[in-house]
Each structure stands twice: as C-alpha cells, then as structure tokens.
>>> print(open('protein16.cif').read())   # mmCIF, C-alpha atoms (C1' of nucleotides)
data_work
loop_
_atom_site.label_atom_id
_atom_site.label_comp_id
_atom_site.auth_asym_id
_atom_site.auth_seq_id
_atom_site.Cartn_x
_atom_site.Cartn_y
_atom_site.Cartn_z
CA MET A 1 42.20 -37.67 21.33
CA THR A 2 44.13 -36.23 18.43
CA THR A 3 45.75 -32.86 17.92
CA ASN A 4 43.60 -32.03 14.93
CA ALA A 5 40.29 -32.33 16.78
CA ALA A 6 38.80 -29.18 15.27
CA PRO A 7 36.46 -27.09 17.41
CA PRO A 8 32.95 -26.72 15.96
CA THR A 9 33.60 -23.24 14.63
CA SER A 10 31.76 -22.01 11.59
CA GLY A 11 34.64 -20.53 9.63
CA THR A 12 33.85 -16.90 10.21
CA ASP A 13 34.48 -16.94 13.93
CA ARG A 14 37.51 -14.75 13.48
CA PHE A 15 35.13 -11.87 12.72
CA LEU A 16 33.80 -12.09 16.26
CA ALA A 17 36.90 -10.06 17.11
CA ALA A 18 35.75 -7.22 14.84
CA GLU A 19 34.21 -4.09 16.31
CA LEU A 20 30.93 -4.90 14.60
CA ALA A 21 30.45 -8.01 16.73
CA GLY A 22 30.21 -5.77 19.79
CA GLU A 23 27.44 -3.58 18.42
CA ALA A 24 23.95 -4.32 19.69
CA SER A 25 22.28 -3.14 16.50
CA PHE A 26 24.19 -5.70 14.44
CA LEU A 27 23.62 -8.53 16.90
CA ILE A 28 19.92 -7.73 17.14
CA ALA A 29 19.63 -7.55 13.35
CA ARG A 30 21.35 -10.92 12.95
CA ALA A 31 19.29 -12.57 15.66
CA ARG A 32 16.09 -11.20 14.15
CA SER A 33 17.03 -12.21 10.63
CA ARG A 34 17.68 -15.79 11.64
CA GLY A 35 14.84 -16.00 14.13
CA SER A 36 12.16 -14.60 11.86
CA ALA A 37 13.31 -16.73 8.94
CA LEU A 38 12.94 -19.80 11.13
CA ALA A 39 9.58 -18.68 12.49
CA ASN A 40 8.31 -17.86 8.99
CA ASP A 41 9.25 -21.35 7.87
CA ARG A 42 7.33 -22.88 10.75
CA LEU A 43 4.30 -20.64 10.22
CA ALA A 44 4.17 -21.07 6.45
CA PRO A 45 1.94 -24.19 6.52
CA LEU A 46 -0.64 -22.16 8.45
CA GLY A 47 -0.62 -19.33 5.92
CA LEU A 48 0.90 -16.97 8.47
CA ARG A 49 4.12 -15.00 8.78
CA VAL A 50 5.60 -13.36 11.85
CA ARG A 51 3.85 -10.06 11.17
CA SER A 52 0.40 -11.50 10.58
CA TYR A 53 0.96 -13.80 13.55
CA SER A 54 1.63 -10.85 15.82
CA VAL A 55 -1.63 -9.19 14.73
CA LEU A 56 -3.55 -12.42 15.23
CA SER A 57 -1.98 -12.86 18.64
CA LEU A 58 -3.19 -9.47 19.86
CA ALA A 59 -6.58 -10.07 18.27
CA CYS A 60 -6.77 -13.18 20.45
CA SER A 61 -5.70 -11.40 23.62
CA GLY A 62 -9.19 -10.30 24.59
CA LEU A 63 -7.90 -6.74 24.86
CA ARG A 64 -9.76 -5.64 21.72
CA PRO A 65 -7.06 -3.41 20.24
CA THR A 66 -7.85 -0.73 17.68
CA GLN A 67 -5.81 -0.72 14.50
CA ARG A 68 -4.01 2.36 15.79
CA GLU A 69 -3.03 0.52 18.95
CA LEU A 70 -1.81 -2.43 16.91
CA ALA A 71 0.34 -0.08 14.87
CA GLU A 72 1.89 1.51 17.93
CA PHE A 73 2.49 -1.67 19.87
CA LEU A 74 3.89 -3.58 16.90
CA SER A 75 5.92 -0.61 15.68
CA LEU A 76 4.29 -0.83 12.28
CA ASP A 77 2.74 1.89 10.18
CA PRO A 78 -1.09 2.12 10.36
CA SER A 79 -1.20 1.48 6.61
CA GLN A 80 0.61 -1.81 7.12
CA ILE A 81 -1.95 -2.82 9.73
CA VAL A 82 -4.69 -2.28 7.16
CA ALA A 83 -3.10 -4.80 4.81
CA LEU A 84 -2.43 -7.33 7.58
CA VAL A 85 -5.97 -7.09 8.98
CA ASP A 86 -7.39 -7.21 5.46
CA ALA A 87 -5.66 -10.52 4.81
CA LEU A 88 -6.63 -12.03 8.15
CA GLU A 89 -10.21 -10.82 7.81
CA LYS A 90 -10.51 -12.12 4.26
CA ASP A 91 -9.32 -15.45 5.63
CA GLY A 92 -11.96 -15.37 8.35
CA GLN A 93 -9.46 -15.22 11.24
CA VAL A 94 -10.28 -11.76 12.60
CA GLN A 95 -13.07 -9.23 12.25
CA ARG A 96 -13.32 -5.46 12.40
CA ILE A 97 -15.82 -4.36 15.04
CA PRO A 98 -17.00 -0.72 15.01
CA ASP A 99 -15.95 1.02 18.22
CA PRO A 100 -19.18 2.17 19.93
CA SER A 101 -17.38 5.07 21.58
CA ASP A 102 -15.61 6.35 18.44
CA ARG A 103 -16.99 5.64 15.04
CA ARG A 104 -13.60 6.26 13.45
CA SER A 105 -12.03 3.33 15.25
CA LYS A 106 -12.32 -0.36 14.60
CA LEU A 107 -11.66 -2.98 17.22
CA ILE A 108 -9.86 -6.09 15.99
CA GLU A 109 -11.05 -9.35 17.41
CA ALA A 110 -10.31 -12.93 16.48
CA THR A 111 -13.02 -15.28 15.23
CA PRO A 112 -13.27 -18.80 16.69
CA SER A 113 -11.37 -19.97 13.63
CA GLY A 114 -8.71 -17.34 14.33
CA ALA A 115 -8.42 -18.45 17.94
CA ALA A 116 -7.91 -22.04 16.87
CA LEU A 117 -5.34 -21.00 14.29
CA TYR A 118 -3.52 -18.92 16.87
CA ALA A 119 -3.26 -21.85 19.26
CA ARG A 120 -1.48 -23.88 16.62
CA ALA A 121 0.67 -20.96 15.49
CA ARG A 122 1.68 -20.10 19.04
CA ALA A 123 2.99 -23.63 19.57
CA LEU A 124 5.06 -23.35 16.41
CA THR A 125 6.59 -19.99 17.30
CA CYS A 126 7.46 -21.26 20.75
CA GLU A 127 9.20 -24.21 19.12
CA ALA A 128 11.07 -21.84 16.83
CA GLU A 129 12.08 -19.74 19.81
CA ASP A 130 13.44 -22.78 21.60
CA VAL A 131 15.61 -23.48 18.58
CA SER A 132 16.69 -19.87 18.10
CA LEU A 133 17.62 -19.47 21.75
CA GLY A 134 18.98 -22.98 22.09
CA GLY A 135 22.33 -21.61 23.20
CA LEU A 136 20.83 -19.99 26.28
CA SER A 137 20.09 -21.70 29.58
CA ALA A 138 16.67 -21.32 31.19
CA THR A 139 17.86 -18.58 33.51
CA GLU A 140 19.66 -16.84 30.68
CA LYS A 141 16.45 -16.89 28.63
CA THR A 142 14.55 -15.26 31.47
CA GLU A 143 17.20 -12.59 31.88
CA PHE A 144 17.34 -12.11 28.12
CA LEU A 145 13.59 -11.57 27.87
CA GLU A 146 13.70 -8.95 30.62
CA LEU A 147 16.50 -7.02 28.95
CA LEU A 148 14.86 -7.39 25.55
CA ASN A 149 11.71 -5.91 26.98
CA LYS A 150 13.60 -2.84 28.12
CA ALA A 151 15.26 -2.54 24.72
CA ALA A 152 11.99 -3.00 22.83
CA PHE A 153 9.97 -0.65 25.05
CA PRO A 154 12.21 2.25 26.10
CA ILE A 155 11.12 4.93 28.57
CA GLY A 156 7.43 4.13 29.17
CA MET B 1 1.21 16.23 44.44
CA THR B 2 -2.15 15.51 42.84
CA THR B 3 -4.08 12.33 42.40
CA ASN B 4 -4.13 12.63 38.63
CA ALA B 5 -0.35 12.60 38.21
CA ALA B 6 -0.37 10.24 35.26
CA PRO B 7 2.47 7.76 34.88
CA PRO B 8 4.48 8.16 31.65
CA THR B 9 2.79 5.24 29.94
CA SER B 10 2.40 5.27 26.18
CA GLY B 11 -1.22 4.18 25.91
CA THR B 12 -0.61 0.65 24.74
CA ASP B 13 1.03 -0.56 27.91
CA ARG B 14 -1.92 -2.81 28.61
CA PHE B 15 -0.73 -5.02 25.76
CA LEU B 16 2.40 -5.80 27.72
CA ALA B 17 0.18 -8.31 29.49
CA ALA B 18 -0.52 -10.15 26.23
CA GLU B 19 1.25 -13.40 25.45
CA LEU B 20 3.01 -11.75 22.53
CA ALA B 21 4.95 -9.45 24.84
CA GLY B 22 6.69 -12.51 26.29
CA GLU B 23 7.89 -13.84 22.97
CA ALA B 24 11.53 -13.20 22.15
CA SER B 25 10.93 -13.11 18.41
CA PHE B 26 8.46 -10.25 18.77
CA LEU B 27 10.64 -8.30 21.20
CA ILE B 28 13.70 -8.74 19.00
CA ALA B 29 11.72 -7.69 15.92
CA ARG B 30 10.46 -4.57 17.68
CA ALA B 31 13.86 -3.65 19.08
CA ARG B 32 15.44 -4.12 15.67
CA SER B 33 12.76 -2.15 13.86
CA ARG B 34 13.17 0.83 16.15
CA GLY B 35 16.93 0.54 16.46
CA SER B 36 17.65 0.22 12.75
CA ALA B 37 15.27 3.04 11.89
CA LEU B 38 17.15 5.27 14.31
CA ALA B 39 20.54 4.14 13.05
CA ASN B 40 19.47 4.59 9.42
CA ASP B 41 18.42 8.16 10.21
CA ARG B 42 21.81 8.87 11.77
CA LEU B 43 23.72 7.25 8.92
CA ALA B 44 21.68 8.87 6.13
CA PRO B 45 23.86 12.02 5.90
CA LEU B 46 26.85 9.75 5.22
CA GLY B 47 25.10 7.90 2.43
CA LEU B 48 25.07 4.70 4.48
CA ARG B 49 22.45 2.43 5.93
CA VAL B 50 22.84 -0.25 8.58
CA ARG B 51 23.52 -2.98 6.01
CA SER B 52 26.12 -1.05 4.03
CA TYR B 53 27.62 0.10 7.33
CA SER B 54 28.08 -3.47 8.47
CA VAL B 55 29.92 -4.34 5.26
CA LEU B 56 32.09 -1.25 5.53
CA SER B 57 32.86 -2.10 9.14
CA LEU B 58 34.18 -5.55 8.28
CA ALA B 59 36.08 -4.11 5.32
CA CYS B 60 37.81 -1.86 7.86
CA SER B 61 38.59 -4.66 10.28
CA GLY B 62 41.85 -5.65 8.64
CA LEU B 63 40.58 -9.21 8.45
CA ARG B 64 40.16 -9.04 4.67
CA PRO B 65 36.89 -10.96 4.39
CA THR B 66 35.78 -12.59 1.16
CA GLN B 67 32.28 -11.83 -0.06
CA ARG B 68 31.25 -15.32 0.97
CA GLU B 69 32.48 -14.69 4.50
CA LEU B 70 30.62 -11.40 4.61
CA ALA B 71 27.44 -13.18 3.57
CA GLU B 72 27.79 -15.82 6.25
CA PHE B 73 28.75 -13.51 9.09
CA LEU B 74 26.11 -10.90 8.26
CA SER B 75 23.44 -13.54 7.56
CA LEU B 76 22.84 -12.07 4.14
CA ASP B 77 22.60 -13.81 0.79
CA PRO B 78 25.77 -13.68 -1.34
CA SER B 79 23.77 -11.90 -4.04
CA GLN B 80 22.94 -9.14 -1.57
CA ILE B 81 26.62 -8.74 -0.75
CA VAL B 82 27.30 -8.15 -4.43
CA ALA B 83 24.91 -5.19 -4.47
CA LEU B 84 26.24 -3.75 -1.20
CA VAL B 85 29.88 -4.06 -2.26
CA ASP B 86 29.01 -2.66 -5.70
CA ALA B 87 27.59 0.48 -4.14
CA LEU B 88 30.47 0.94 -1.70
CA GLU B 89 33.04 0.30 -4.41
CA LYS B 90 31.36 2.68 -6.83
CA ASP B 91 31.54 5.25 -4.05
CA GLY B 92 35.24 4.60 -3.54
CA GLN B 93 34.87 3.28 0.01
CA VAL B 94 35.97 -0.33 -0.54
CA GLN B 95 37.74 -2.31 -3.21
CA ARG B 96 37.65 -5.87 -4.45
CA ILE B 97 41.05 -7.49 -4.27
CA PRO B 98 41.64 -10.78 -6.11
CA ASP B 99 42.46 -13.54 -3.66
CA PRO B 100 45.94 -14.83 -4.60
CA SER B 101 45.16 -18.27 -3.22
CA ASP B 102 41.78 -18.68 -4.94
CA ARG B 103 40.99 -16.80 -8.10
CA ARG B 104 37.25 -17.26 -7.54
CA SER B 105 37.33 -15.22 -4.35
CA LYS B 106 37.57 -11.49 -3.86
CA LEU B 107 38.82 -9.92 -0.66
CA ILE B 108 36.98 -6.80 0.44
CA GLU B 109 39.12 -4.04 1.86
CA ALA B 110 38.38 -0.44 2.73
CA THR B 111 40.08 2.44 0.97
CA PRO B 112 41.50 5.30 3.05
CA SER B 113 38.31 7.18 2.22
CA GLY B 114 36.29 4.23 3.44
CA ALA B 115 38.24 4.07 6.68
CA ALA B 116 37.59 7.75 7.33
CA LEU B 117 33.92 7.32 6.53
CA TYR B 118 33.71 4.34 8.86
CA ALA B 119 35.20 6.32 11.74
CA ARG B 120 32.45 8.89 11.43
CA ALA B 121 29.75 6.27 10.90
CA ARG B 122 30.87 4.22 13.87
CA ALA B 123 30.50 7.25 16.15
CA LEU B 124 26.96 7.77 14.88
CA THR B 125 25.89 4.16 15.36
CA CYS B 126 27.31 4.17 18.87
CA GLU B 127 25.27 7.28 19.58
CA ALA B 128 22.18 5.59 18.17
CA GLU B 129 22.84 2.54 20.32
CA ASP B 130 23.10 4.70 23.43
CA VAL B 131 19.67 6.09 22.63
CA SER B 132 18.14 2.73 21.74
CA LEU B 133 19.45 1.08 24.89
CA GLY B 134 18.92 4.15 27.05
CA GLY B 135 16.70 2.16 29.37
CA LEU B 136 19.51 -0.20 30.31
CA SER B 137 22.18 0.42 32.91
CA ALA B 138 25.84 -0.08 32.06
CA THR B 139 25.93 -3.53 33.62
CA GLU B 140 22.66 -4.46 31.95
CA LYS B 141 24.09 -3.42 28.60
CA THR B 142 27.10 -5.66 29.11
CA GLU B 143 24.90 -8.59 30.08
CA PHE B 144 22.56 -7.85 27.18
CA LEU B 145 25.41 -7.89 24.66
CA GLU B 146 26.63 -11.24 25.97
CA LEU B 147 23.20 -12.82 25.69
CA LEU B 148 22.61 -11.20 22.31
CA ASN B 149 25.83 -12.73 21.10
CA LYS B 150 24.62 -16.19 22.07
CA ALA B 151 21.29 -15.55 20.37
CA ALA B 152 22.91 -14.17 17.21
CA PHE B 153 25.57 -16.89 16.96
CA PRO B 154 24.05 -20.19 18.10
CA ILE B 155 26.06 -23.38 18.55
CA GLY B 156 29.45 -22.52 17.04
"C1'" DT C 1 31.42 -32.09 -9.07
"C1'" DA C 2 31.40 -28.24 -5.89
"C1'" DT C 3 32.15 -23.34 -4.86
"C1'" DT C 4 32.56 -17.97 -5.67
"C1'" DG C 5 30.70 -14.33 -7.44
"C1'" DT C 6 27.17 -12.62 -10.45
"C1'" DT C 7 22.64 -11.60 -12.71
"C1'" DA C 8 17.78 -11.77 -12.82
"C1'" DT C 9 13.24 -12.12 -10.84
"C1'" DA C 10 9.64 -12.02 -7.63
"C1'" DC C 11 8.01 -11.20 -3.27
"C1'" DT C 12 7.91 -8.98 1.42
"C1'" DC C 13 8.79 -5.13 4.22
"C1'" DT C 14 9.20 -0.15 5.07
"C1'" DA C 15 8.38 4.85 4.48
"C1'" DT C 16 5.59 8.66 2.80
"C1'" DA C 17 1.94 11.29 1.32
"C1'" DA C 18 -2.74 12.15 0.36
"C1'" DC C 19 -7.57 11.20 1.00
"C1'" DT C 20 -12.41 10.20 3.86
"C1'" DA C 21 -14.97 10.15 7.71
"C1'" DT C 22 -15.27 11.18 11.97
"C1'" DA C 23 -13.98 13.79 16.47
"C1'" DT D 1 -7.96 21.33 13.68
"C1'" DA D 2 -6.74 16.74 14.77
"C1'" DT D 3 -7.24 11.68 14.53
"C1'" DA D 4 -8.50 6.63 12.62
"C1'" DG D 5 -8.50 4.23 8.85
"C1'" DT D 6 -7.56 3.76 3.90
"C1'" DT D 7 -5.26 3.94 -0.67
"C1'" DA D 8 -1.36 4.46 -3.59
"C1'" DT D 9 3.46 4.45 -4.64
"C1'" DA D 10 8.27 3.99 -4.34
"C1'" DG D 11 12.24 2.15 -2.28
"C1'" DA D 12 14.65 -1.23 0.73
"C1'" DG D 13 15.08 -5.91 2.20
"C1'" DT D 14 14.67 -11.05 1.34
"C1'" DA D 15 14.49 -15.50 -1.15
"C1'" DT D 16 15.45 -18.42 -5.33
"C1'" DA D 17 17.25 -19.96 -9.31
"C1'" DA D 18 20.44 -19.97 -12.94
"C1'" DC D 19 24.99 -18.94 -15.00
"C1'" DA D 20 30.36 -18.35 -15.88
"C1'" DA D 21 34.79 -18.91 -13.93
"C1'" DT D 22 37.48 -21.54 -11.03
"C1'" DA D 23 38.56 -25.20 -7.69
#
>>> encode(input="protein16.cif", output="structure tokens")
Amino acid sequence: MTTNAAPPTSGTDRFLAAELAGEASFLIARARSRGSALANDRLAPLGLRVRSYSVLSLACSGLRPTQRELAEFLSLDPSQIVALVDALEKDGQVQRIPDPSDRRSKLIEATPSGAALYARARALTCEAEDVSLGGLSATEKTEFLELLNKAAFPIG
Amino acid sequence: MTTNAAPPTSGTDRFLAAELAGEASFLIARARSRGSALANDRLAPLGLRVRSYSVLSLACSGLRPTQRELAEFLSLDPSQIVALVDALEKDGQVQRIPDPSDRRSKLIEATPSGAALYARARALTCEAEDVSLGGLSATEKTEFLELLNKAAFPIG
DNA sequence: TATTGTTATACTCTATAACTATA
DNA sequence: TATAGTTATAGAGTATAACAATA
C-alpha cells in the first residue's frame, strides 16, 4: 500500500460540495440524462427509443389506453402521442382501435409483433436500469422506486 | 358522508399497475419532465432555464470550473457548454477567465450581477422543488436526495 | 499525439396554436 | 361548449464530427 493510491474519483468530485449537488432537480436531470442515453443505446437495435418504448409498454399492458390517457400518464403532449403511435403503427407494433363508447377516442393496443418486440425491449431496459442503478443495493433500489413514484405522481 | 365520495385520483391511476410504472427510467423521466417544466416556468422571468441556471450556479460556487469540468459534471457536451456560457457571458452574468496554468482552458466565474441573479434564481428553484416534491415528507426528501445522488453519480 | 474550446450540422424533444369530428 | 385526435411550426435539447490553439 502506497501513499499515492488515488481514490477512484472522476475529477469533478469537488463540485459535489456545490449547492447545485443538493438540488433534486439537478440530480434528477443528470440521472435521467445518463439513464435515458444508456437505455436509448440498448433499444436502438430494436428501432425503439425510451419514449416509443413507454408507449409500446402501455399498449402491451392489456389496459387499452386511449391516446389521451397515454399523454397524461406519460406526461407528454397529445400531439407527441400521435407521432409516437404513428411510427409504431406504421411499423406494425400497435394498432388504433375505435372506442365503441366514444367515437372520438382511439384505443391503443399492441399487435402480436408488438408484444414480442416489447418482451425483448423490456429485458434490455431492465438491463440498462441495473447498470444505471448499479450503485444502489437491492433494498435501496426498492426504497428509491417508492420515493420516485411519489415524486413522479404527486397528489393523486 | 356519501357513498360516491370519489378519491382524488387523476383518471389514469389504473396504469400504475402496469409494468412501466415500476421502471426507474420511466419514473425518473416523468419526474424530470414535470420538475424541469415547473422550474423553467419559475426561472423564465429571470431569463434563465434549468440548464443555464446550473451553469450559473457552478460559476457562483467559487470553485472556478473550466468548461470541460462543467460539461462533465452537468453531463452535457462541451459544445453545449459553449452556447450556455456564451449566452450568460453576453448577458454579463459570467466571464471567461484564461487559466494561467493551461492556456487552452477557460475558468468560468460569475460577475457580481451573476451572483445577484443566482441568489434570486436559487430561491425560485428551491420553491419549485418544494412543489415538485410536495408529496414527500422531510425525512423522505433527505433519503430521496441521498439515493438520487447515488443514481446521478455512479461508481466514483 | 492528446486535449480544450469552438463551429457546424442534423436529429430528437418540447411547447403552442389551430383545425376536424365528435360529445 | 367542451373534448379527442390531428397537423403545423418554432424553439430547446442532444449527438457527432471536424477544426485551431495548446499541451
């Protein structure tokens, strides 16, 4: 053991002492930036990105969401949902089903191809998550998910 | 008390049962989307956004970061830092100081005007954070920040 | 040869408003 | 009058590659 055994710091650790490092909005933004970049890399071979994956995931849930519900739950604008569903539908992964009870609405449901694609994509995003949250223990991950849920879905 | 006293659900709560709602990447993306939108609204009157605010914050830290250090710590590309520093410098909030020890590098430091602006901006982002994390208790917030830190800064 | 800051380019994401068809 | 989906557009964010100055 020598005196110059450097700790595995990244060079900018001194900024952890800055006020910014204590702000949730910054930490969340950084975690998202890194996490989604990693997830996008993993999903790229499947022709998906995190946003299209989230739409596909709900389309596979069996809950038959309307586009409006997708927009609300994903915190995306309805016009963005149009583009995402368009791409997935053009690719044969989901289909728009007219809502029998309201002809304005369209229910989004995955095709068999979409379900198969989702199974593969889900495995990849879980892998990416394991990497992203590699610094957390199993119990910490559980606690983190609970707190994240409260932060992502305030009030109701 | 009546039988139709509806709980304060938002209409898409049934999707909380979907697999997606258990994925950290989705929850982080949603929390960031909502949180940064709120923070951007608050910062707008000051001519700042969350990204320029984060640069200004580190410029005010007294740690005299180089642009490269800003890029690494903020998880932004060096070319993005150029644009952010350009705008702040043009506005008189920060200045580029030649690094005496390396003429390639430029140290980013806030001007007095920038420091005053940061003080106001910091109050606004803290307000926004209180709103965003309103569903968390004080102890939960502390725990959340610790876990967020591990998620935002893996390994080192 | 490698690194810092810079410029340029293309693509993705976000925000807004207007339109249509239904309710 | 209000809502679901759609279209269009502009601005913000992200990713890459190349370049000059310096190490």
>>> interface_residues(input="protein16.cif", of="chain B", to="chain A", cutoff="8 Å", atoms="only C-alpha atoms", output="PyMOL selection string")
chain B and resi 8-10+12+15+18-36+54+57-58+61+63+69+72-75+126+129+132-136+140+144-145+147-156
>>> resolve_selection(input="protein16.cif", expression="the PyMOL selection byres ((chain C and resi 12) around 8)", output="PDB file with C-alpha atoms (C1' of nucleotides), in the coordinates of the input")
ATOM      1  C1'  DC C  11       8.010 -11.200  -3.270  1.00  0.00           C
ATOM      2  C1'  DC C  13       8.790  -5.130   4.220  1.00  0.00           C
TER       3       DC C  13
ATOM      4  C1'  DG D  13      15.080  -5.910   2.200  1.00  0.00           C
ATOM      5  C1'  DT D  14      14.670 -11.050   1.340  1.00  0.00           C
TER       6       DT D  14
END
>>> interface_residues(input="protein16.cif", of="chain A", to="chain C", cutoff="10 Å", atoms="all atoms listed in the file", output="PyMOL selection string")
chain A and resi 51+76-77+80+102-105
>>> closest_atom_pairs(input="protein16.cif", of="chain D", to="chain B", cutoff="9 Å", atoms="only C-alpha atoms (C1' of nucleotides)", output="Markdown table")
| residue | atom | partner | partner_atom | distance |
| --- | --- | --- | --- | --- |
| D:DT14 | C1' | B:Asp77 | CA | 8.4 |
| D:DA15 | C1' | B:Asp77 | CA | 8.5 |
| D:DA21 | C1' | B:Arg104 | CA | 7.0 |
| D:DT22 | C1' | B:Arg104 | CA | 5.5 |
| D:DA23 | C1' | B:Asp102 | CA | 7.8 |
>>> write_last_selection(input="protein16.cif", atoms="C-alpha atoms (C1' of nucleotides)", output="mmCIF file, in the frame of the given file")
data_model
loop_
_atom_site.group_PDB
_atom_site.id
_atom_site.type_symbol
_atom_site.label_atom_id
_atom_site.label_comp_id
_atom_site.auth_asym_id
_atom_site.auth_seq_id
_atom_site.Cartn_x
_atom_site.Cartn_y
_atom_site.Cartn_z
ATOM 1 C "C1'" DT D 14 14.670 -11.050 1.340
ATOM 2 C "C1'" DA D 15 14.490 -15.500 -1.150
ATOM 3 C "C1'" DA D 21 34.790 -18.910 -13.930
ATOM 4 C "C1'" DT D 22 37.480 -21.540 -11.030
ATOM 5 C "C1'" DA D 23 38.560 -25.200 -7.690
#
>>> atom_distance(input="protein16.cif", atom1="CA of Ala110 (chain B)", atom2="CA of Asn40 (chain B)")
20.7 Å
>>> resolve_selection(input="protein16.cif", expression="the PyMOL selection byres ((chain A and resi 97) around 10)", output="list in words")
Arg64, Thr66, Val94, Gln95, Arg96, Pro98, Asp99, Pro100, Ser105, Lys106, Leu107, Ile108 and Glu109 of chain A
>>> atom_distance(input="protein16.cif", atom1="C1' of DC19 (chain D)", atom2="CA of Gln67 (chain B)")
18.1 Å
>>> atom_distance(input="protein16.cif", atom1="CA of Ala123 (chain A)", atom2="CA of Leu43 (chain A)")
9.9 Å
>>> resolve_selection(input="protein16.cif", expression="the PyMOL selection byres ((chain D and resi 6) around 10)", output="short mmCIF file (atom, residue, chain, number, x, y, z; two decimals) with C-alpha atoms (C1' of nucleotides), in the frame of the given file")
data_model
loop_
_atom_site.label_atom_id
_atom_site.label_comp_id
_atom_site.auth_asym_id
_atom_site.auth_seq_id
_atom_site.Cartn_x
_atom_site.Cartn_y
_atom_site.Cartn_z
CA PRO A 78 -1.09 2.12 10.36
CA SER A 79 -1.20 1.48 6.61
CA VAL A 82 -4.69 -2.28 7.16
CA ALA A 83 -3.10 -4.80 4.81
"C1'" DC C 19 -7.57 11.20 1.00
"C1'" DT C 20 -12.41 10.20 3.86
"C1'" DA D 4 -8.50 6.63 12.62
"C1'" DG D 5 -8.50 4.23 8.85
"C1'" DT D 7 -5.26 3.94 -0.67
"C1'" DA D 8 -1.36 4.46 -3.59
#
>>> build_atoms(input="protein16.cif", residues="region 141-152 of chain B", atoms="N, CA and C atoms", output="mmCIF file, keeping the file's coordinate frame")
data_model
loop_
_atom_site.group_PDB
_atom_site.id
_atom_site.type_symbol
_atom_site.label_atom_id
_atom_site.label_comp_id
_atom_site.auth_asym_id
_atom_site.auth_seq_id
_atom_site.Cartn_x
_atom_site.Cartn_y
_atom_site.Cartn_z
ATOM 1 N N LYS B 141 23.647 -3.442 29.993
ATOM 2 C CA LYS B 141 24.090 -3.420 28.600
ATOM 3 C C LYS B 141 25.124 -4.505 28.344
ATOM 4 N N THR B 142 26.071 -4.629 29.257
ATOM 5 C CA THR B 142 27.100 -5.660 29.110
ATOM 6 C C THR B 142 26.480 -7.045 29.079
ATOM 7 N N GLU B 143 25.577 -7.284 30.025
ATOM 8 C CA GLU B 143 24.900 -8.590 30.080
ATOM 9 C C GLU B 143 24.064 -8.818 28.820
ATOM 10 N N PHE B 144 23.405 -7.754 28.375
ATOM 11 C CA PHE B 144 22.560 -7.850 27.180
ATOM 12 C C PHE B 144 23.398 -8.235 25.958
ATOM 13 N N LEU B 145 24.548 -7.595 25.814
ATOM 14 C CA LEU B 145 25.410 -7.890 24.660
ATOM 15 C C LEU B 145 25.886 -9.341 24.682
ATOM 16 N N GLU B 146 26.194 -9.838 25.862
ATOM 17 C CA GLU B 146 26.630 -11.240 25.970
ATOM 18 C C GLU B 146 25.528 -12.202 25.534
ATOM 19 N N LEU B 147 24.321 -11.942 26.031
ATOM 20 C CA LEU B 147 23.200 -12.820 25.690
ATOM 21 C C LEU B 147 22.827 -12.677 24.222
ATOM 22 N N LEU B 148 22.882 -11.447 23.730
ATOM 23 C CA LEU B 148 22.610 -11.200 22.310
ATOM 24 C C LEU B 148 23.575 -11.982 21.435
ATOM 25 N N ASN B 149 24.815 -12.014 21.866
ATOM 26 C CA ASN B 149 25.830 -12.730 21.100
ATOM 27 C C ASN B 149 25.466 -14.208 20.999
ATOM 28 N N LYS B 150 25.018 -14.772 22.101
ATOM 29 C CA LYS B 150 24.620 -16.190 22.070
ATOM 30 C C LYS B 150 23.405 -16.402 21.195
ATOM 31 N N ALA B 151 22.495 -15.426 21.189
ATOM 32 C CA ALA B 151 21.290 -15.550 20.370
ATOM 33 C C ALA B 151 21.605 -15.356 18.891
ATOM 34 N N ALA B 152 22.576 -14.493 18.603
ATOM 35 C CA ALA B 152 22.910 -14.170 17.210
ATOM 36 C C ALA B 152 23.820 -15.221 16.597
#
